[in-house]
>>> print(open('data_35.pdb').read())   # PDB, C-alpha atoms
ATOM      1  CA  MET I 165      -0.709  15.171 -31.523
ATOM      2  CA  ARG I 166       3.090  15.271 -31.584
ATOM      3  CA  ALA I 167       3.018  19.025 -32.044
ATOM      4  CA  THR I 168       0.746  19.405 -29.001
ATOM      5  CA  PHE I 169       3.030  17.282 -26.859
ATOM      6  CA  ALA I 170       6.090  19.155 -28.090
ATOM      7  CA  ALA I 171       4.450  22.463 -27.176
ATOM      8  CA  TRP I 172       3.552  21.255 -23.702
ATOM      9  CA  ARG I 173       7.046  19.891 -23.214
ATOM     10  CA  ALA I 174       8.585  23.175 -24.306
ATOM     11  CA  ASN I 175       6.358  25.056 -21.849
ATOM     12  CA  LEU I 176       7.356  22.671 -19.081
ATOM     13  CA  LEU I 177      11.068  23.076 -19.729
ATOM     14  CA  THR I 178      10.770  26.838 -20.010
ATOM     15  CA  ALA I 179       8.793  27.126 -16.790
ATOM     16  CA  PHE I 180      11.235  24.862 -14.996
ATOM     17  CA  ALA I 181      14.207  26.853 -16.233
ATOM     18  CA  LEU I 182      12.640  30.127 -15.093
ATOM     19  CA  GLY I 183      11.227  28.731 -11.858
ATOM     20  CA  LEU I 184       7.697  29.772 -12.848
ATOM     21  CA  SER I 185       4.407  28.338 -11.631
ATOM     22  CA  VAL I 186       2.335  26.943 -14.488
ATOM     23  CA  MET I 187      -0.709  25.929 -12.444
ATOM     24  CA  PRO I 188      -3.402  28.231 -11.110
ATOM     25  CA  THR I 189      -3.703  28.273  -7.324
ATOM     26  CA  LEU I 190      -6.685  26.237  -6.165
ATOM     27  CA  ALA I 191      -8.520  27.690  -3.176
ATOM     28  CA  GLN I 192      -8.347  25.438  -0.137
ATOM     29  CA  ASP I 193     -12.142  25.488   0.176
ATOM     30  CA  THR I 194     -12.609  24.292  -3.416
ATOM     31  CA  ALA I 195     -12.858  20.576  -4.106
ATOM     32  CA  PRO I 196     -10.232  19.343  -6.600
ATOM     33  CA  HIS I 197     -11.739  17.990  -9.789
ATOM     34  CA  ARG I 198      -8.667  16.459 -11.499
ATOM     35  CA  VAL I 199      -6.750  14.381  -8.979
ATOM     36  CA  VAL I 200      -3.658  12.354  -9.877
ATOM     37  CA  SER I 201      -2.193   9.752  -7.527
ATOM     38  CA  MET I 202       1.360   8.465  -8.054
ATOM     39  CA  ASN I 203       1.603   6.045  -5.103
ATOM     40  CA  LEU I 204      -0.008   2.617  -4.718
ATOM     41  CA  CYS I 205      -1.491   3.319  -1.295
ATOM     42  CA  THR I 206      -2.888   6.749  -2.151
ATOM     43  CA  ASP I 207      -4.148   5.221  -5.423
ATOM     44  CA  GLN I 208      -6.357   2.800  -3.562
ATOM     45  CA  LEU I 209      -7.601   5.234  -0.934
ATOM     46  CA  ALA I 210      -8.389   7.764  -3.655
ATOM     47  CA  MET I 211     -10.314   5.142  -5.613
ATOM     48  CA  LEU I 212     -12.300   4.326  -2.481
ATOM     49  CA  ILE I 213     -13.009   7.945  -1.549
ATOM     50  CA  ALA I 214     -13.136  10.110  -4.701
ATOM     51  CA  GLY I 215     -16.412  11.262  -6.176
ATOM     52  CA  GLU I 216     -17.550  10.505  -9.700
ATOM     53  CA  GLY I 217     -15.048  11.894 -12.220
ATOM     54  CA  GLN I 218     -12.844  13.438  -9.509
ATOM     55  CA  LEU I 219      -9.916  11.015  -9.770
ATOM     56  CA  HIS I 220      -8.171  11.154 -13.137
ATOM     57  CA  SER I 221      -5.071   8.965 -12.849
ATOM     58  CA  VAL I 222      -3.486   6.291 -10.651
ATOM     59  CA  SER I 223      -0.008   4.769 -10.698
ATOM     60  CA  VAL I 224       0.915   1.753 -12.782
ATOM     61  CA  LEU I 225       1.207  -0.367  -9.622
ATOM     62  CA  ALA I 226      -2.508   0.080  -8.986
ATOM     63  CA  SER I 227      -3.264  -2.095 -12.004
ATOM     64  CA  ASP I 228      -0.929  -4.935 -10.945
ATOM     65  CA  PRO I 229      -2.873  -7.626  -9.024
ATOM     66  CA  ARG I 230       0.352  -8.818  -7.380
ATOM     67  CA  SER I 231       0.551  -5.565  -5.437
ATOM     68  CA  SER I 232      -2.883  -3.984  -5.706
ATOM     69  CA  ALA I 233      -6.105  -5.127  -4.050
ATOM     70  CA  MET I 234      -8.010  -2.910  -6.493
ATOM     71  CA  ALA I 235      -6.384  -3.828  -9.806
ATOM     72  CA  ARG I 236      -9.726  -4.302 -11.549
ATOM     73  CA  GLN I 237     -11.043  -0.921 -10.386
ATOM     74  CA  ALA I 238      -7.814   0.752 -11.536
ATOM     75  CA  GLU I 239      -8.691  -0.108 -15.141
ATOM     76  CA  ALA I 240     -11.184   2.779 -15.121
ATOM     77  CA  PHE I 241      -8.440   5.399 -14.721
ATOM     78  CA  VAL I 242      -5.534   6.752 -16.732
ATOM     79  CA  ILE I 243      -2.271   5.090 -15.675
ATOM     80  CA  ASN I 244       0.808   7.123 -14.784
ATOM     81  CA  HIS I 245       4.425   6.127 -14.126
ATOM     82  CA  ALA I 246       5.174   8.884 -11.589
ATOM     83  CA  LEU I 247       6.909  10.997 -14.250
ATOM     84  CA  ALA I 248       6.743  14.770 -13.994
ATOM     85  CA  GLU I 249       6.133  15.299 -17.709
ATOM     86  CA  GLU I 250       3.111  12.995 -17.907
ATOM     87  CA  ILE I 251       1.550  14.435 -14.737
ATOM     88  CA  PHE I 252       2.212  17.953 -16.037
ATOM     89  CA  LEU I 253       0.253  17.096 -19.184
ATOM     90  CA  MET I 254      -2.679  15.862 -17.081
ATOM     91  CA  GLU I 255      -3.112  19.356 -15.589
ATOM     92  CA  ALA I 256      -3.825  17.934 -12.144
ATOM     93  CA  ASP I 257      -5.156  20.281  -9.484
ATOM     94  CA  LEU I 258      -4.071  17.866  -6.732
ATOM     95  CA  VAL I 259      -1.301  15.249  -6.764
ATOM     96  CA  LEU I 260      -1.197  12.520  -4.117
ATOM     97  CA  ALA I 261       2.213  10.960  -3.447
ATOM     98  CA  GLY I 262       3.991   8.785  -0.925
ATOM     99  CA  THR I 263       6.975   9.975   1.080
ATOM    100  CA  PHE I 264       9.017   7.412  -0.863
ATOM    101  CA  SER I 265       7.643   8.439  -4.258
ATOM    102  CA  SER I 266      10.078   9.803  -6.835
ATOM    103  CA  ARG I 267      11.671  12.776  -5.093
ATOM    104  CA  ALA I 268      12.664  14.355  -8.397
ATOM    105  CA  THR I 269       9.068  14.233  -9.651
ATOM    106  CA  VAL I 270       7.627  15.599  -6.411
ATOM    107  CA  GLY I 271      10.180  18.413  -6.281
ATOM    108  CA  LEU I 272       9.690  19.422  -9.910
ATOM    109  CA  LEU I 273       5.904  19.389  -9.684
ATOM    110  CA  ARG I 274       6.013  21.620  -6.624
ATOM    111  CA  ARG I 275       8.382  24.046  -8.342
ATOM    112  CA  LEU I 276       5.905  24.235 -11.194
ATOM    113  CA  GLY I 277       3.101  25.160  -8.830
ATOM    114  CA  PHE I 278       1.300  21.852  -8.480
ATOM    115  CA  ARG I 279      -0.226  21.022  -5.134
ATOM    116  CA  VAL I 280       1.407  17.788  -3.971
ATOM    117  CA  GLU I 281       0.294  16.071  -0.760
ATOM    118  CA  GLU I 282       2.548  13.311   0.599
ATOM    119  CA  PHE I 283       1.613  10.329   2.770
ATOM    120  CA  ALA I 284       3.981   8.164   4.797
ATOM    121  CA  PRO I 285       3.391   4.393   4.719
ATOM    122  CA  ALA I 286       0.734   3.267   7.203
ATOM    123  CA  THR I 287       2.264   1.208  10.018
ATOM    124  CA  SER I 288      -0.810   1.021  12.266
ATOM    125  CA  PHE I 289      -4.575   1.106  12.051
ATOM    126  CA  ASP I 290      -4.425   4.594  13.569
ATOM    127  CA  ASP I 291      -2.383   5.593  10.518
ATOM    128  CA  VAL I 292      -4.981   3.964   8.277
ATOM    129  CA  ARG I 293      -7.787   5.960   9.861
ATOM    130  CA  ASN I 294      -5.763   9.181   9.709
ATOM    131  CA  HIS I 295      -4.895   8.694   6.036
ATOM    132  CA  ILE I 296      -8.524   7.999   5.135
ATOM    133  CA  ALA I 297      -9.646  11.114   7.012
ATOM    134  CA  ARG I 298      -6.946  13.278   5.416
ATOM    135  CA  ILE I 299      -7.772  12.208   1.860
ATOM    136  CA  GLY I 300     -11.432  12.766   2.663
ATOM    137  CA  GLU I 301     -10.559  16.332   3.653
ATOM    138  CA  LEU I 302      -8.382  16.929   0.591
ATOM    139  CA  LEU I 303     -11.057  15.644  -1.781
ATOM    140  CA  HIS I 304     -13.910  17.273   0.175
ATOM    141  CA  ARG I 305     -15.362  13.803   0.641
ATOM    142  CA  GLN I 306     -15.502  13.739   4.440
ATOM    143  CA  GLN I 307     -18.732  11.727   4.610
ATOM    144  CA  ARG I 308     -17.328   8.953   2.428
ATOM    145  CA  ALA I 309     -14.138   8.916   4.509
ATOM    146  CA  ALA I 310     -16.185   8.666   7.705
ATOM    147  CA  GLU I 311     -18.001   5.642   6.271
ATOM    148  CA  LEU I 312     -14.703   3.896   5.529
ATOM    149  CA  ILE I 313     -13.333   4.672   9.003
ATOM    150  CA  ALA I 314     -16.502   3.227  10.517
ATOM    151  CA  GLU I 315     -15.950   0.127   8.380
ATOM    152  CA  VAL I 316     -12.402  -0.241   9.730
ATOM    153  CA  ASN I 317     -13.580   0.210  13.316
ATOM    154  CA  ALA I 318     -16.374  -2.320  12.893
ATOM    155  CA  GLY I 319     -13.961  -4.853  11.410
ATOM    156  CA  LEU I 320     -11.477  -4.414  14.248
ATOM    157  CA  ALA I 321     -14.293  -4.849  16.761
ATOM    158  CA  ARG I 322     -15.365  -8.096  15.101
ATOM    159  CA  LEU I 323     -11.794  -9.352  15.184
ATOM    160  CA  ALA I 324     -11.462  -8.444  18.872
ATOM    161  CA  SER I 325     -14.646 -10.362  19.679
ATOM    162  CA  GLY I 326     -13.378 -13.405  17.773
ATOM    163  CA  PRO I 327     -11.037 -16.098  19.062
ATOM    164  CA  GLN I 328      -7.800 -14.680  20.465
ATOM    165  CA  SER I 329      -5.749 -17.829  20.018
ATOM    166  CA  GLY I 330      -2.448 -16.348  21.135
ATOM    167  CA  ARG I 331      -0.768 -18.649  18.645
ATOM    168  CA  THR I 332       2.575 -17.527  17.265
ATOM    169  CA  ILE I 333       3.220 -16.519  13.683
ATOM    170  CA  ALA I 334       6.278 -15.546  11.666
ATOM    171  CA  LEU I 335       6.170 -13.763   8.354
ATOM    172  CA  TYR I 336       8.802 -15.389   6.174
ATOM    173  CA  GLU I 337       9.329 -13.865   2.775
ATOM    174  CA  PRO I 338      11.822 -14.284  -0.095
ATOM    175  CA  ASN I 339      15.397 -13.485   0.971
ATOM    176  CA  SER I 340      14.336 -14.404   4.540
ATOM    177  CA  TYR I 341      12.650 -11.065   5.200
ATOM    178  CA  THR I 342      10.154 -10.712   8.017
ATOM    179  CA  ALA I 343       8.157  -7.870   9.608
ATOM    180  CA  GLY I 344       8.561  -6.913  13.243
ATOM    181  CA  SER I 345       7.195  -4.144  15.437
ATOM    182  CA  GLY I 346       6.218  -0.871  13.818
ATOM    183  CA  THR I 347       4.821  -2.523  10.687
ATOM    184  CA  LEU I 348       1.332  -2.895   9.287
ATOM    185  CA  ALA I 349       1.861  -6.666   9.121
ATOM    186  CA  ASN I 350       2.477  -6.742  12.866
ATOM    187  CA  GLU I 351      -0.749  -4.796  13.416
ATOM    188  CA  ILE I 352      -2.625  -7.314  11.273
ATOM    189  CA  PHE I 353      -1.225 -10.231  13.280
ATOM    190  CA  THR I 354      -2.178  -8.571  16.567
ATOM    191  CA  ALA I 355      -5.697  -7.805  15.326
ATOM    192  CA  ALA I 356      -6.050 -11.478  14.412
ATOM    193  CA  GLY I 357      -5.173 -12.481  17.982
ATOM    194  CA  LEU I 358      -1.734 -13.794  17.053
ATOM    195  CA  VAL I 359       1.738 -13.192  18.508
ATOM    196  CA  ASN I 360       4.408 -12.095  16.050
ATOM    197  CA  ILE I 361       7.628 -14.081  16.520
ATOM    198  CA  ALA I 362       9.667 -11.244  14.981
ATOM    199  CA  GLU I 363       8.367  -8.736  17.527
ATOM    200  CA  ARG I 364       9.074 -11.222  20.329
ATOM    201  CA  LEU I 365      12.645 -11.499  19.030
ATOM    202  CA  GLY I 366      13.053  -7.728  19.175
ATOM    203  CA  ILE I 367      12.948  -7.156  15.416
ATOM    204  CA  ALA I 368      11.631  -3.759  14.356
ATOM    205  CA  GLY I 369      10.502  -2.860  10.864
ATOM    206  CA  SER I 370      11.385  -5.067   7.919
ATOM    207  CA  ALA I 371      14.519  -7.160   8.448
ATOM    208  CA  ARG I 372      15.991 -10.545   7.708
ATOM    209  CA  LEU I 373      15.173 -13.469   9.979
ATOM    210  CA  PRO I 374      17.834 -16.193   9.677
ATOM    211  CA  LEU I 375      16.398 -19.634   8.985
ATOM    212  CA  GLU I 376      18.173 -21.018  12.071
ATOM    213  CA  GLN I 377      16.416 -18.457  14.261
ATOM    214  CA  LEU I 378      13.069 -19.236  12.667
ATOM    215  CA  ILE I 379      13.518 -22.948  13.334
ATOM    216  CA  MET I 380      14.468 -22.359  16.966
ATOM    217  CA  ALA I 381      11.423 -20.099  17.490
ATOM    218  CA  LYS I 382       9.051 -22.846  16.253
ATOM    219  CA  PRO I 383       6.121 -20.619  15.266
ATOM    220  CA  ASP I 384       2.652 -22.167  15.143
ATOM    221  CA  LEU I 385       2.010 -20.484  11.802
ATOM    222  CA  ILE I 386       4.284 -19.227   9.039
ATOM    223  CA  GLY I 387       2.937 -16.481   6.824
ATOM    224  CA  ARG I 388       4.258 -16.686   3.291
ATOM    225  CA  SER I 389       3.734 -14.430   0.308
ATOM    226  CA  SER I 390       1.130 -15.781  -2.068
ATOM    227  CA  SER I 391       2.774 -13.907  -4.951
ATOM    228  CA  ASP I 392       4.220 -16.127  -7.649
ATOM    229  CA  TYR I 393       7.490 -15.099  -9.311
ATOM    230  CA  GLY I 394       6.514 -17.220 -12.304
ATOM    231  CA  ALA I 395       9.925 -18.897 -12.434
ATOM    232  CA  PRO I 396      12.593 -20.171 -10.027
ATOM    233  CA  ALA I 397      14.362 -17.287  -8.280
ATOM    234  CA  LEU I 398      17.375 -17.053  -5.977
ATOM    235  CA  ALA I 399      15.309 -14.865  -3.664
ATOM    236  CA  GLN I 400      13.086 -17.849  -2.914
ATOM    237  CA  GLU I 401      15.845 -20.309  -2.034
ATOM    238  CA  ASN I 402      15.062 -19.928   1.672
ATOM    239  CA  LEU I 403      11.515 -21.158   1.005
ATOM    240  CA  VAL I 404      12.641 -24.413  -0.617
ATOM    241  CA  HIS I 405      15.377 -25.230   1.909
ATOM    242  CA  PRO I 406      14.842 -28.744   3.403
ATOM    243  CA  ALA I 407      14.943 -27.335   6.943
ATOM    244  CA  PHE I 408      12.216 -24.823   6.140
ATOM    245  CA  ARG I 409      10.074 -27.469   4.486
ATOM    246  CA  ALA I 410      10.446 -29.752   7.494
ATOM    247  CA  LEU I 411       9.388 -26.929   9.819
ATOM    248  CA  ALA I 412       6.552 -25.692   7.670
ATOM    249  CA  GLY I 413       4.574 -28.907   7.309
ATOM    250  CA  GLN I 414       0.913 -27.925   7.246
ATOM    251  CA  GLN I 415       1.346 -24.647   9.113
ATOM    252  CA  VAL I 416       2.184 -22.367   6.181
ATOM    253  CA  VAL I 417      -0.462 -19.756   5.383
ATOM    254  CA  ASP I 418      -0.328 -18.083   1.985
ATOM    255  CA  LEU I 419      -0.949 -14.419   2.738
ATOM    256  CA  PRO I 420      -2.866 -12.047   0.433
ATOM    257  CA  VAL I 421       0.054  -9.644   0.033
ATOM    258  CA  ALA I 422      -1.934  -7.171  -2.060
ATOM    259  CA  LYS I 423      -4.209  -6.615   0.942
ATOM    260  CA  MET I 424      -1.314  -6.122   3.369
ATOM    261  CA  ILE I 425       0.879  -3.600   1.565
ATOM    262  CA  CYS I 426      -1.450  -0.649   2.075
ATOM    263  CA  GLY I 427      -3.839   0.287   4.838
ATOM    264  CA  ALA I 428      -7.535   0.310   3.937
ATOM    265  CA  PRO I 429     -10.716  -1.530   4.970
ATOM    266  CA  PHE I 430      -9.647  -4.443   2.767
ATOM    267  CA  THR I 431      -6.544  -4.863   4.966
ATOM    268  CA  LEU I 432      -8.791  -6.472   7.565
ATOM    269  CA  ASP I 433      -9.480  -9.346   5.144
ATOM    270  CA  ALA I 434      -5.956 -10.615   5.841
ATOM    271  CA  ALA I 435      -6.555 -10.472   9.601
ATOM    272  CA  PHE I 436      -9.822 -12.411   9.325
ATOM    273  CA  MET I 437      -8.106 -15.022   7.158
ATOM    274  CA  LEU I 438      -5.329 -15.463   9.730
ATOM    275  CA  GLN I 439      -7.779 -15.649  12.612
ATOM    276  CA  ASP I 440      -9.648 -18.417  10.778
ATOM    277  CA  ALA I 441      -6.377 -20.240   9.999
ATOM    278  CA  ALA I 442      -5.341 -20.157  13.672
ATOM    279  CA  GLY I 443      -8.736 -21.503  14.658
ATOM    280  CA  GLU I 444      -8.548 -24.343  12.155
ATOM    281  CA  GLN I 445      -5.102 -25.312  13.353
ATOM    282  CA  SER I 446      -6.264 -25.507  16.951
ATOM    283  CA  GLN I 447      -8.995 -27.996  16.037
ATOM    284  CA  PRO I 448      -8.221 -31.586  17.126
TER     285      PRO I 448
END
>>> encode(input="data_35.pdb", output="structure tokens")
Amino acid sequence: MRATFAAWRANLLTAFALGLSVMPTLAQDTAPHRVVSMNLCTDQLAMLIAGEGQLHSVSVLASDPRSSAMARQAEAFVINHALAEEIFLMEADLVLAGTFSSRATVGLLRRLGFRVEEFAPATSFDDVRNHIARIGELLHRQQRAAELIAEVNAGLARLASGPQSGRTIALYEPNSYTAGSGTLANEIFTAAGLVNIAERLGIAGSARLPLEQLIMAKPDLIGRSSSDYGAPALAQENLVHPAFRALAGQQVVDLPVAKMICGAPFTLDAAFMLQDAAGEQSQP
């Protein structure tokens, strides 16, 4: 076993040094049969879309329930750590990566002739639909992708026909981070019929929201990460501050973070949960 690995490693280093391609070119009209994903969001879309035996490996984050909505399903696949050597050994005919995935790994794999397709983080439900459709095309699983897009559209329609409370919400995370316009979280809040305090304050992307500003905004709901650090952490000091506790009262909603990091049909679960929470709060 060690000899085999050593031989593969030697071939990798030699090919890299000479700038040679070590992978055969896969025709664009041929469905890949050994797909490796090295990004949490492409992991989950690939698991949802791939045919039987088509997906070989997903990233280590896919098996972590704190970040992955499909941790149990990820157990059926080989785990990778986004390292070029391990992916090289898997002989993938298609590698799925995020635009923030290890740049060294992506660059090396491409130099070695691997087909690497990159996906930017989804910041809207249009992005979610586009990513589903694109992976469906790459895996030659267009029908399955169309089914998932229809599922997203149906969920958004149900949300739109539900109560549009117009209540305000602020995402308030460890280290006082929030999510403003141009984020998937903001899209989820809007789909749930809520108004994002951060967007109203002119915050774009992920940024810090000072506790004083949060208190002055007086949101109806405060979305908080349901992830548990397992021990006291300095990052969570803002969440135990007396002023925050006085503001929060009964209006804190523990958000299913694993369903909000990546865009997929399961992302709508968070919107339905928030819509229900807003409705319960409005009850006398």
>>> resolve_selection(input="data_35.pdb", expression="the PyMOL selection byres ((chain I and resi 219) around 7)", output="count of residues only")
8
>>> resolve_selection(input="data_35.pdb", expression="the PyMOL selection byres ((chain I and resi 242-253) around 10)", output="PDB file with C-alpha atoms, in the frame of the given file")
ATOM      1  CA  PHE I 169       3.030  17.282 -26.859  1.00  0.00           C
ATOM      2  CA  TRP I 172       3.552  21.255 -23.702  1.00  0.00           C
ATOM      3  CA  ARG I 173       7.046  19.891 -23.214  1.00  0.00           C
ATOM      4  CA  LEU I 176       7.356  22.671 -19.081  1.00  0.00           C
ATOM      5  CA  LEU I 177      11.068  23.076 -19.729  1.00  0.00           C
ATOM      6  CA  VAL I 186       2.335  26.943 -14.488  1.00  0.00           C
ATOM      7  CA  MET I 187      -0.709  25.929 -12.444  1.00  0.00           C
ATOM      8  CA  VAL I 200      -3.658  12.354  -9.877  1.00  0.00           C
ATOM      9  CA  SER I 201      -2.193   9.752  -7.527  1.00  0.00           C
ATOM     10  CA  MET I 202       1.360   8.465  -8.054  1.00  0.00           C
ATOM     11  CA  ASN I 203       1.603   6.045  -5.103  1.00  0.00           C
ATOM     12  CA  LEU I 219      -9.916  11.015  -9.770  1.00  0.00           C
ATOM     13  CA  HIS I 220      -8.171  11.154 -13.137  1.00  0.00           C
ATOM     14  CA  SER I 221      -5.071   8.965 -12.849  1.00  0.00           C
ATOM     15  CA  VAL I 222      -3.486   6.291 -10.651  1.00  0.00           C
ATOM     16  CA  SER I 223      -0.008   4.769 -10.698  1.00  0.00           C
ATOM     17  CA  VAL I 224       0.915   1.753 -12.782  1.00  0.00           C
ATOM     18  CA  LEU I 225       1.207  -0.367  -9.622  1.00  0.00           C
ATOM     19  CA  ALA I 226      -2.508   0.080  -8.986  1.00  0.00           C
ATOM     20  CA  SER I 227      -3.264  -2.095 -12.004  1.00  0.00           C
ATOM     21  CA  ALA I 238      -7.814   0.752 -11.536  1.00  0.00           C
ATOM     22  CA  GLU I 239      -8.691  -0.108 -15.141  1.00  0.00           C
ATOM     23  CA  ALA I 240     -11.184   2.779 -15.121  1.00  0.00           C
ATOM     24  CA  PHE I 241      -8.440   5.399 -14.721  1.00  0.00           C
ATOM     25  CA  MET I 254      -2.679  15.862 -17.081  1.00  0.00           C
ATOM     26  CA  GLU I 255      -3.112  19.356 -15.589  1.00  0.00           C
ATOM     27  CA  ALA I 256      -3.825  17.934 -12.144  1.00  0.00           C
ATOM     28  CA  VAL I 259      -1.301  15.249  -6.764  1.00  0.00           C
ATOM     29  CA  ALA I 261       2.213  10.960  -3.447  1.00  0.00           C
ATOM     30  CA  SER I 265       7.643   8.439  -4.258  1.00  0.00           C
ATOM     31  CA  SER I 266      10.078   9.803  -6.835  1.00  0.00           C
ATOM     32  CA  ARG I 267      11.671  12.776  -5.093  1.00  0.00           C
ATOM     33  CA  ALA I 268      12.664  14.355  -8.397  1.00  0.00           C
ATOM     34  CA  THR I 269       9.068  14.233  -9.651  1.00  0.00           C
ATOM     35  CA  VAL I 270       7.627  15.599  -6.411  1.00  0.00           C
ATOM     36  CA  GLY I 271      10.180  18.413  -6.281  1.00  0.00           C
ATOM     37  CA  LEU I 272       9.690  19.422  -9.910  1.00  0.00           C
ATOM     38  CA  LEU I 273       5.904  19.389  -9.684  1.00  0.00           C
ATOM     39  CA  LEU I 276       5.905  24.235 -11.194  1.00  0.00           C
ATOM     40  CA  PHE I 278       1.300  21.852  -8.480  1.00  0.00           C
TER      41      PHE I 278
END
>>> atom_distance(input="data_35.pdb", atom1="atom CA of Ala356 of chain I", atom2="atom CA of Ala368 of chain I")
19.3 Å
>>> residues_around(input="data_35.pdb", residues="Gly262 of chain I", least_positions_apart="6", cutoff="10 Å", atoms="only C-alpha atoms", output="ChimeraX atom specification")
/I:201-207,270,280-285
>>> resolve_selection(input="data_35.pdb", expression="the PyMOL selection byres ((chain I and resi 298) around 12)", output="list in words")
Thr206, Leu209, Ala210, Ile213, Leu260, Glu281, Glu282, Phe283, Asp291, Val292, Arg293, Asn294, His295, Ile296, Ala297, Ile299, Gly300, Glu301, Leu302, Leu303, His304, Arg305, Gln306, Gln307, Arg308, Ala309, Ala310 and Ile313 of chain I
>>> closest_residue(input="data_35.pdb", among="I:Leu411, I:Ala371, I:Pro327, I:Lys423", to="Ala441 of chain I", atoms="all atoms listed in the file")
I:Pro327
>>> closest_residue(input="data_35.pdb", among="I:Asn360, I:Thr347, I:Thr194, I:Thr354", to="Gln328 of chain I", atoms="all atoms listed in the file")
I:Thr354
>>> closest_atom_pairs(input="data_35.pdb", of="segment 265-334 of chain I", to="segment 376-389 of chain I", cutoff="7 Å", atoms="only C-alpha atoms", output="Markdown table")
| residue | atom | partner | partner_atom | distance |
| --- | --- | --- | --- | --- |
| I:Arg331 | CA | I:Asp384 | CA | 6.0 |
| I:Thr332 | CA | I:Asp384 | CA | 5.1 |
| I:Ile333 | CA | I:Leu385 | CA | 4.6 |
| I:Ala334 | CA | I:Ile386 | CA | 4.9 |
>>> write_last_selection(input="data_35.pdb", atoms="C-alpha atoms", output="PDB file, in the frame of the given file")
ATOM      1  CA  ARG I 331      -0.768 -18.649  18.645  1.00  0.00           C
ATOM      2  CA  THR I 332       2.575 -17.527  17.265  1.00  0.00           C
ATOM      3  CA  ILE I 333       3.220 -16.519  13.683  1.00  0.00           C
ATOM      4  CA  ALA I 334       6.278 -15.546  11.666  1.00  0.00           C
TER       5      ALA I 334
END
>>> residues_around(input="data_35.pdb", residues="Val421 of chain I", least_positions_apart="6", cutoff="10 Å", atoms="only C-alpha atoms", output="JSON, numbers by chain")
{"I": [229, 230, 231, 232, 233, 349, 388, 389, 390, 391, 431, 434]}
>>> closest_residue(input="data_35.pdb", among="I:Leu320, I:Ala422, I:Ala428, I:Ala314", to="Ala235 of chain I", atoms="only C-alpha atoms")
I:Ala422
